[in-house]
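**Student:** Sharing a structure below in structure tokens format, with a few things to ask.
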Amino acid sequence: MNQNQTENRRSHKKEFSEVAVLKAGGGALTDVLRDALGLVGGMRRYVKDTDTVFIKPNLTAGAPTESGGTTDVRFTEAVVELVKEAGAARIIVGECSGNESRSIESLTNLGYKDMCLRQGVEMADLDFAEFVEVPVRDPLYRDTLRLPKIFWESDVFISVPVLKTHVSAGITVAIKNSFGLIPDVDKLNAHRDQAIEQIIADIAATRPADLVFVDGRIGAEGVAGGTDFAHPIHAGLVLVSNDPVAADAVSTRLMMQNPRVKHVQWAAEKGAGNDRLDFILMRGLPLEEAQIRYMSPADQIMKETGGKVRICELGACSRCCSIAAGPVGRYTHNPVSLLDSVEIVTGPGEWDVPERINPRTLLLGECVQEKYRGLGKWIGGCPVDPGAYMKALAEFDIVCTKCEQTVKKAVEGYPEDELAEIRILASNKTVFQGKRNKAAMDDFLLCAGRCQAGYIRNHARRIHKNSDIDATEYAVHKDGCGVSEADVREGIRELFEKMKAKKKAAAEAASGGTAAANT
């Protein structure tokens, strides 16, 4: 397909989109998907015998299928079989599974390598893909995207996501599945810039999926972002659509989530598809019959903090909801670090004001009604500024900072140059960073306190994904709720030993290279 044909095909928005929803049942998956696909025209409506077809499952962090976090290989194999029946010239199954796992390990461990061999189709490890720079029309984030060349040059794009909620985007189904197409560094930048929804809407508008098969048999509810798939849910559904925006609009309602999902709205506005139900033709099960209530990220946070964090989402859009939930979501893993409760209110709806208002109440966003703004600390903005929100949380002094204070005292006795290469995290923040430490993978890191267990675990995963470095050679974790100054000094001493070992190894390697050059 040449560039003009590609642009014409991708810029066309259907007057009506079709979404088929069926119960998965106990029959053969290929038959179930064939029946659902038949309700939207059958595979030959979308795939010709000269086409190259790119199929993308969701293999985030290589999570087990039973967690609800990744697409079951048997489901994807059924899609492959249907594409083969249509006579496609070339079939590619590809994925970049995120910063927490090597894609080849995810593809292998979850059965995709064997499946591709069995079916005689290509497997693409997008960690090592050649990327092309693609211009973005009316960008929400950046004016170009880097997309895999093998994907960009394909004729048909089939997305095979899972039915999930997500702390940073409200939901993660067809549109967010394409986040896995871009390089890991671009994913990290979008996270740091609070721009996940913007970039995935840009991807959807630049290259929308031609077909979507949603594996809704087992999904993930609650926070369900990154590597957090602690709450699988058996929805028992399959969904097929010829419009990724419509698929997501319907999926949001199937999970009974807040329909104000910004990336779905933005993708529709950019012409990637239809998000209004009156422009979506439902096939199979009626929406009301198929619905199953998923726990939202806010629900999980309130439940797992024992009610210490209460988020009241009064019809807020996904941007303010994700900003509200993100910083406090970490306390689900360590609720004892919360000293006091906090109430967070966001959205334009009516608030059931409690008789006794929590003095630590935050009201987020320009859309909060004026009559409520004086009942707590109101932070305006559309969306609310994350930095202002984080500052307000800190001012409430609701989080234990014992480890932070201990670290500050422990480092006082060291000369500045002695700690120049060290970074120390405690109480969920960087407490100390030496002048030569760049927070890179091979910089020396001390994590102090039980609160940092998740960080050190994810740090090790990212290092494993992106290099051959052994994380234990650069990082130390001193566990415990309330570490002592002696613990911190011991951790620093251990880092000094690691630094000496690294310098010695580098010197030996250099002298060995010199000796080899002289022979």
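Chain labels follow the order of the structure tokens: the first chain is A, the next B, and so on; residue numbering restarts at 1 in every chain, and ligands are counted from 1 in their shown order.
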Within 6 Å of Thr70 (chain A), counting only C-alpha atoms, which residues show up once you throw out same-chain ones fewer than 3 positions away? Write them as a list in words, please.

**Tutor:**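 With the cut-off at 6 Å, the set is Asn58, Leu59 and Thr65 of chain A.
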
**Student:** Please extract the residues of region 395-446 of chain A with a backbone DSSP assignment of strand (DSSP E or B) and present them as a tab-separated table (two decimals) with all heavy atoms, in the first residue's frame.

**Tutor:**
```tsv
chain	number	residue	atom	x	y	z
A	399	VAL	N	0.97	11.25	55.10
A	399	VAL	CA	1.82	10.09	54.81
A	399	VAL	C	2.99	10.03	55.78
A	399	VAL	O	3.62	11.05	56.08
A	399	VAL	CB	2.34	10.15	53.36
A	399	VAL	CG1	3.21	8.94	53.05
A	399	VAL	CG2	1.18	10.21	52.38
A	422	ILE	N	25.47	8.43	44.37
A	422	ILE	CA	24.40	7.68	45.03
A	422	ILE	C	23.08	8.45	45.00
A	422	ILE	O	23.06	9.67	45.14
A	422	ILE	CB	24.80	7.35	46.48
A	422	ILE	CG1	25.90	6.29	46.48
A	422	ILE	CG2	23.60	6.87	47.30
A	422	ILE	CD1	26.46	5.99	47.85
A	423	ARG	N	22.00	7.70	44.84
A	423	ARG	CA	20.64	8.25	44.98
A	423	ARG	C	19.91	7.43	46.04
A	423	ARG	O	20.02	6.20	46.07
A	423	ARG	CB	19.91	8.17	43.64
A	423	ARG	CG	18.48	8.72	43.65
A	423	ARG	CD	17.94	8.88	42.23
A	423	ARG	NE	17.89	7.63	41.51
A	423	ARG	CZ	16.76	7.04	41.09
A	423	ARG	NH1	15.59	7.57	41.34
A	423	ARG	NH2	16.82	5.91	40.41
A	424	ILE	N	19.13	8.10	46.90
A	424	ILE	CA	18.41	7.41	47.98
A	424	ILE	C	16.93	7.77	47.92
A	424	ILE	O	16.57	8.96	47.91
A	424	ILE	CB	18.98	7.76	49.38
A	424	ILE	CG1	20.49	7.52	49.42
A	424	ILE	CG2	18.28	6.94	50.45
A	424	ILE	CD1	21.14	7.93	50.74
A	425	LEU	N	16.09	6.74	47.88
A	425	LEU	CA	14.64	6.92	47.88
A	425	LEU	C	14.06	6.47	49.21
A	425	LEU	O	14.48	5.43	49.76
A	425	LEU	CB	13.98	6.12	46.76
A	425	LEU	CG	13.86	6.77	45.38
A	425	LEU	CD1	15.23	7.12	44.82
A	425	LEU	CD2	13.10	5.87	44.43
A	426	ALA	N	13.09	7.21	49.73
A	426	ALA	CA	12.37	6.84	50.94
A	426	ALA	C	11.05	7.60	50.96
A	426	ALA	O	10.94	8.67	50.35
A	426	ALA	CB	13.19	7.17	52.19
A	429	LYS	N	9.71	9.05	47.60
A	429	LYS	CA	10.30	10.20	46.92
A	429	LYS	C	11.81	10.09	46.93
A	429	LYS	O	12.38	9.31	47.71
A	429	LYS	CB	9.86	11.51	47.59
A	429	LYS	CG	10.35	11.66	49.01
A	429	LYS	CD	9.89	12.98	49.63
A	429	LYS	CE	8.42	12.96	49.95
A	429	LYS	NZ	8.01	14.14	50.74
A	430	THR	N	12.46	10.86	46.07
A	430	THR	CA	13.91	10.95	46.10
A	430	THR	C	14.30	11.90	47.23
A	430	THR	O	13.99	13.08	47.19
A	430	THR	CB	14.46	11.47	44.76
A	430	THR	OG1	14.11	10.55	43.72
A	430	THR	CG2	15.97	11.61	44.81
A	431	VAL	N	14.98	11.35	48.23
A	431	VAL	CA	15.37	12.14	49.40
A	431	VAL	C	16.78	12.72	49.22
A	431	VAL	O	17.08	13.81	49.67
A	431	VAL	CB	15.30	11.29	50.68
A	431	VAL	CG1	15.72	12.10	51.91
A	431	VAL	CG2	13.89	10.74	50.87
A	432	PHE	N	17.64	11.95	48.53
A	432	PHE	CA	19.01	12.42	48.29
A	432	PHE	C	19.45	11.97	46.91
A	432	PHE	O	19.21	10.82	46.51
A	432	PHE	CB	19.97	11.86	49.34
A	432	PHE	CG	21.40	12.24	49.09
A	432	PHE	CD1	21.90	13.45	49.56
A	432	PHE	CD2	22.25	11.40	48.37
A	432	PHE	CE1	23.22	13.82	49.30
A	432	PHE	CE2	23.56	11.76	48.10
A	432	PHE	CZ	24.04	12.97	48.58
A	433	GLN	N	20.10	12.87	46.18
A	433	GLN	CA	20.68	12.52	44.87
A	433	GLN	C	22.02	13.21	44.73
A	433	GLN	O	22.10	14.44	44.74
A	433	GLN	CB	19.75	12.93	43.73
A	433	GLN	CG	20.25	12.46	42.36
A	433	GLN	CD	19.19	12.60	41.28
A	433	GLN	OE1	18.07	13.01	41.54
A	433	GLN	NE2	19.56	12.27	40.05
A	444	PHE	N	23.94	4.21	41.12
A	444	PHE	CA	23.79	3.47	42.37
A	444	PHE	C	22.60	3.99	43.18
A	444	PHE	O	22.43	5.20	43.37
A	444	PHE	CB	25.09	3.54	43.17
A	444	PHE	CG	26.22	2.81	42.49
A	444	PHE	CD1	27.09	3.48	41.65
A	444	PHE	CD2	26.36	1.44	42.65
A	444	PHE	CE1	28.11	2.80	40.99
A	444	PHE	CE2	27.38	0.76	42.01
A	444	PHE	CZ	28.26	1.43	41.17
A	445	LEU	N	21.78	3.04	43.63
A	445	LEU	CA	20.49	3.36	44.23
A	445	LEU	C	20.30	2.64	45.56
A	445	LEU	O	20.53	1.43	45.66
A	445	LEU	CB	19.36	2.95	43.27
A	445	LEU	CG	17.92	3.00	43.79
A	445	LEU	CD1	17.48	4.44	44.01
A	445	LEU	CD2	16.98	2.30	42.81
A	446	LEU	N	19.85	3.39	46.57
A	446	LEU	CA	19.45	2.81	47.85
A	446	LEU	C	17.98	3.14	48.07
A	446	LEU	O	17.58	4.30	48.03
A	446	LEU	CB	20.28	3.40	48.99
A	446	LEU	CG	19.82	3.08	50.43
A	446	LEU	CD1	19.82	1.58	50.69
A	446	LEU	CD2	20.66	3.82	51.45
```

**Student:** So what do you get for CA of Arg462 (chain A) versus CA of Thr71 (chain A), distance-wise?

**Tutor:**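 CA of Arg462 (chain A) sits 21.5 Å away from CA of Thr71 (chain A).
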
**Student:** Which residues are close to region 294-304 of chain A, i.e. within 10 Å by only C-alpha atoms, leaving aside same-chain residues fewer than 4 positions away? Reply as JSON, numbers by chain.

**Tutor:** {"A": [163, 164, 165, 166, 167, 168, 170, 171, 219, 220, 221, 222, 223, 224, 225, 231, 232, 233, 234, 235, 252, 254, 255, 256, 257, 258, 308, 309, 310, 311, 312, 313, 321, 322, 324, 325, 326, 328, 329, 330, 331, 332, 333, 334, 335]}

**Student:** Measuring atom to atom with only C-alpha atoms, identify which of A:Arg142, A:Lys503, A:Arg90, A:Lys84 is nearest to Thr50 (chain A).

**Tutor:**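 Ranking A:Arg142, A:Lys503, A:Arg90, A:Lys84 by distance to Thr50 (chain A), first place goes to A:Arg90.
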
**Student:** To one decimal in Å, tell me the separation between CA of Glu85 (chain A) and CA of Val214 (chain A).

**Tutor:**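 Separating CA of Glu85 (chain A) from CA of Val214 (chain A) is a distance of 19.6 Å.
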
**Student:** Kindly indicate which residue among A:Thr144, A:Asn458, A:Thr305, A:Ser241 lies nearest to Ile199 (chain A), using only C-alpha atoms for the distances.

**Tutor:**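 Using only C-alpha atoms, Ile199 (chain A) sits closest to A:Thr144.
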